Structure formats: structure tokens, C-alpha cells
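Here the structure comes first, spelled out in C-alpha cells, and everything after it is commentary.
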Amino acid sequence: MEPIQDDQYQPASLDLRLGSVAYRVRASFLPGKDATVKQKLEDLAMHEMDIGNGAVLERGCVYIVPLLEGLALRRRTSAMGNPKSSTGRLDIFTRLITDNGTEFDRVREGYNGPLYAEVSPRTFSVLVRKGSRLNQIRIRRGNPPSSDLAMRRLQAEHQVVASISEDDIRDGVPVTVDVQGDRPGGIIGYKARSHAGLIDIDKVGHYNVLEYWEPVYAPRRGGLVLDPADFYILGSREAVKVPPTHAAEMVAYDTLVGEFRVHYAGFFDPGFGHPDAGGEGSRAVLEVRSFGVPFVIEHGQVVGRLEYEPLTAPPARLYGSGVNSSYQRQGIALSKHFKPLSVTDMQR
């Protein structure tokens, strides 16, 4: 294990770092309660790669990467993993795996052992190296209750999601999609270009947006048709706030609202969009894929629900206030790897 660096700490989570080796595997897997990840790799690994000084993870392939961090959890303490926001916005499917694990991203109470990332770039091939950060972890004590009654109280006090009523809250606080934008024919999001170039995961503000993305414009009438072959970045209709006393997570996929998935990276740190951290409500950016068939997504359609969890104590620093926060007061924001899009760019 290597010492944790100060900038790995986020208000309610810890960034995890890739180690120096990646294993290309035949298929995604869970070890199950009777096996370690290393034992499963003996059967499923196709190729071992040294990524210490940089290597390419190809789109459409699955890799297992041992992380530099491990865990030694106490009794009544568990953990949850999730992709970082920038990882989700590049459509890099990333999940946390543990020895003897039976679920992705969930670390059982009292776990003591190594951590691994399953990494599968879906749209862009990416260049990574030892120390690159694709996912993060949150430590939980006990089993914090989350009830609709508590969510209604939170909504009444903080208006955590704008323009909804307390009666709308059921199994979490609903979030809807914006496919109208500010004006007819205006930009409402982006669609990833097929067969675009390589992205170095550690470069910030480096790439030209239009070489990797094409704008999505508001339909003149009706909803937006999602093509199952494409990956979209859209925005929520509502502004979202996370008070300093809570963190939030968006439920990623619900077949009751349609055959699509939203928000690969569904964790919101305390202070996101909150006035105490310099926010005035920030729109949730939605990473969207349709499954199997084209699907029409309508303006104002519920696409997910936010579950708020109380913290054991407010963090010393909030998201957007004194930490490396890329998406405070965001609009429809692509990942931090891209240069800001200018008016001249849009007139090309």
C-alpha cells in the first residue's frame, strides 16, 4: 500500500488510484464468497499489462486493475464504491470488486483486504497509468436509514430538488430530464462521436469538444429519440442541492421509467449546488444509454431518484469550497478533459 495523498480526500469520499498492472479478461465477473479476485484471474485473464508509465485501455474490452488502496474495516463499518464524475461522463464503465465479493461496488462490513477496479471503456479508448483515478469510495457506519418522510422534511427545509412538491417524493426525490432547453432548436446535450480519438485520463482542459462530441439539439416537437448505439450527455430539468449535513446518490436504473440507464457516476458530495459552498443549485448531468431498442425520452420525464443519506458530521470542506471540485454551478458539463466550447466552435 502507498500513502494516501491529500488531494485524494473529497468531502465524503476518497479517490482511489490504479496500480501498475492491468489484466485484460475474457468477461466481467464477481469472485463469489469462496474465491479471491486473484484466483478468478488465473482462469479469466488473457493478458497482463504494465501500465506504470501509461498504457491504452481499448474500448469494448474489460480490464481488472489492482488498486493502490486496500481496506481494513471495523465492525459495523462497510463501504460503497462508484465511478468519479469524469469517468462516467467518458462512458468508462468502472466498478469496485473485493475478494469473496458477491456484489459490485459494495464492500461488506469488516472487510480486510485488497481492492480492484473493473474498467470497461464503452465509447472512447483511454490512456491510464499508475495513480490515475477512475473511481472513489465512501465509508459507512451502521446502516443509515433513509425514509420518504425524512426526504420530505429535507425538501421542505432545503428545497434539495427545485420545482417538485413533497407529494412527489416516493422511494427518493425524483429528478426529471430537460429535452427542451432554453429555446426551440437550442443545444440540450451532446452525443459521443463513434471512433473518436484516444483520451488521456489525466489531462484536463486538453481536448477539442467537437472532435469527440456532436451537439444534441432540442426537438422541434415531441421527445428525444435515444439510439441504443449511442451515448448521450443530457441535463436534469431541476437544479439540485446537497446540504452540508448529507450526501446523495442517484439510483442508476429503473425499468419502471424506461429501458435506459442514467448516471453511471451517481454520487453527490455534501455542498453540491448548495449556497454554503458557492452554489445556487446545480443541474445534475445525466449519462444516458438506451438498452436494446430506440427509446423516446420526453421533457420532464422522471429518469431517476436521489436518495439522501445523513453524514456522521458535516465535513471540514464542502464540494466546491476549497477542494478540487470540477462541476459546481455546472450546466450541461462534459468531463473536465475538454476545453470550454466557444461560440466560434459552434459556428463551424
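Ligands are numbered from 1 in the order shown, chains are lettered A, B, ... in the order of the C-alpha cells, and residues start at 1 in each chain.
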
Item to check | All strand (DSSP E or B) positions in region 73-276 of chain A, as a PyMOL selection string | outcome: chain A and resi 77-83+92-98+106-107+112-121+126-128+135-141+161+173-178+187-192+199-200+207+213-217+224-226+232-240+246-250+260-262+267-268

Checklist entry - If you run DSSP on the backbone, which residues of region 97-292 of chain A are helix (DSSP H, G or I), as a ChimeraX atom specification? => result /A:148-158,166-168,209-211,275-277

Item to check | Near-Arg129 (chain A) list (10 Å; only C-alpha atoms; drop same-chain fewer than 2 positions) as a list in words | outcome: Arg17, Leu18, Gly19, Ser20, Val21, Ala22, Asp50, Ile51, Gly52, Asn53, Gly54, Ala55, Val56, Leu127, Gly131, Ser132, Arg133, Asp200, Ile201 and Asp202 of chain A

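You can rank A:Tyr308, A:Leu210, A:Asp230, A:Lys191 by their closest distance to Pro244 (chain A) using only C-alpha atoms, and at the top of that list sits A:Tyr308.
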
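One finds CA of Asn112 (chain A) at 4.2 Å from CA of Ala72 (chain A).
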
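Distances to His274 (chain A) were evaluated for A:Pro31, A:Val62, A:Ile137, A:Thr245 using only C-alpha atoms, and the minimum falls at A:Thr245.
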
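Each of A:Glu58, A:Arg152, A:Val302, A:Gln39 was checked against Thr98 (chain A) using only C-alpha atoms; the smallest atom-to-atom distance is that of A:Gln39.
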
Checklist entry - Which residues, written as number ranges by chain, have at least one atom at most 9 Å from Leu154 (chain A), with only C-alpha atoms counted and residues fewer than 5 positions away on the same chain left out? => result A: 149, 159-160, 243, 308

Item to check | Gap from CA of Ser85 (chain A) to CA of Leu73 (chain A) - Å, one decimal | outcome: 25.3 Å

Item to check | Long-range neighbours of Ser194 (chain A) as number ranges by chain, 9 Å cut-off, only C-alpha atoms, 4 positions minimum in chain | outcome: A: 123-124, 212-213, 230

Keeping only N, CA, C and O atoms, write those residues as a compact mmCIF listing (two decimals), in the first residue's frame.
# COMPACT_ATOMS: atom_id res chain seq x y z
N THR A 123 -17.03 3.94 -24.97
CA THR A 123 -17.10 4.85 -26.12
C THR A 123 -15.71 5.25 -26.61
O THR A 123 -15.44 5.21 -27.81
N PHE A 124 -14.84 5.68 -25.71
CA PHE A 124 -13.50 6.15 -26.08
C PHE A 124 -12.45 5.21 -25.48
O PHE A 124 -12.56 4.81 -24.32
N TYR A 212 -14.82 15.01 -30.45
CA TYR A 212 -15.28 13.83 -29.70
C TYR A 212 -16.80 13.79 -29.53
O TYR A 212 -17.35 12.72 -29.26
N TRP A 213 -17.45 14.94 -29.66
CA TRP A 213 -18.87 15.03 -29.37
C TRP A 213 -19.58 15.83 -30.47
O TRP A 213 -18.99 16.73 -31.06
N ASP A 230 -25.73 4.73 -29.19
CA ASP A 230 -25.09 6.00 -28.85
C ASP A 230 -25.08 6.27 -27.35
O ASP A 230 -25.91 5.75 -26.59

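Between CA of Glu109 (chain A) and CA of Thr87 (chain A) the interatomic distance comes to 26.5 Å.
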
Item to check | Non-local contacts of region 170-181 of chain A (8 Å; only C-alpha atoms; under 6 positions in same chain excluded) as a PyMOL selection string | outcome: chain A and resi 147-148+151+161+187-188+218-219+223-224+234-238+298-308
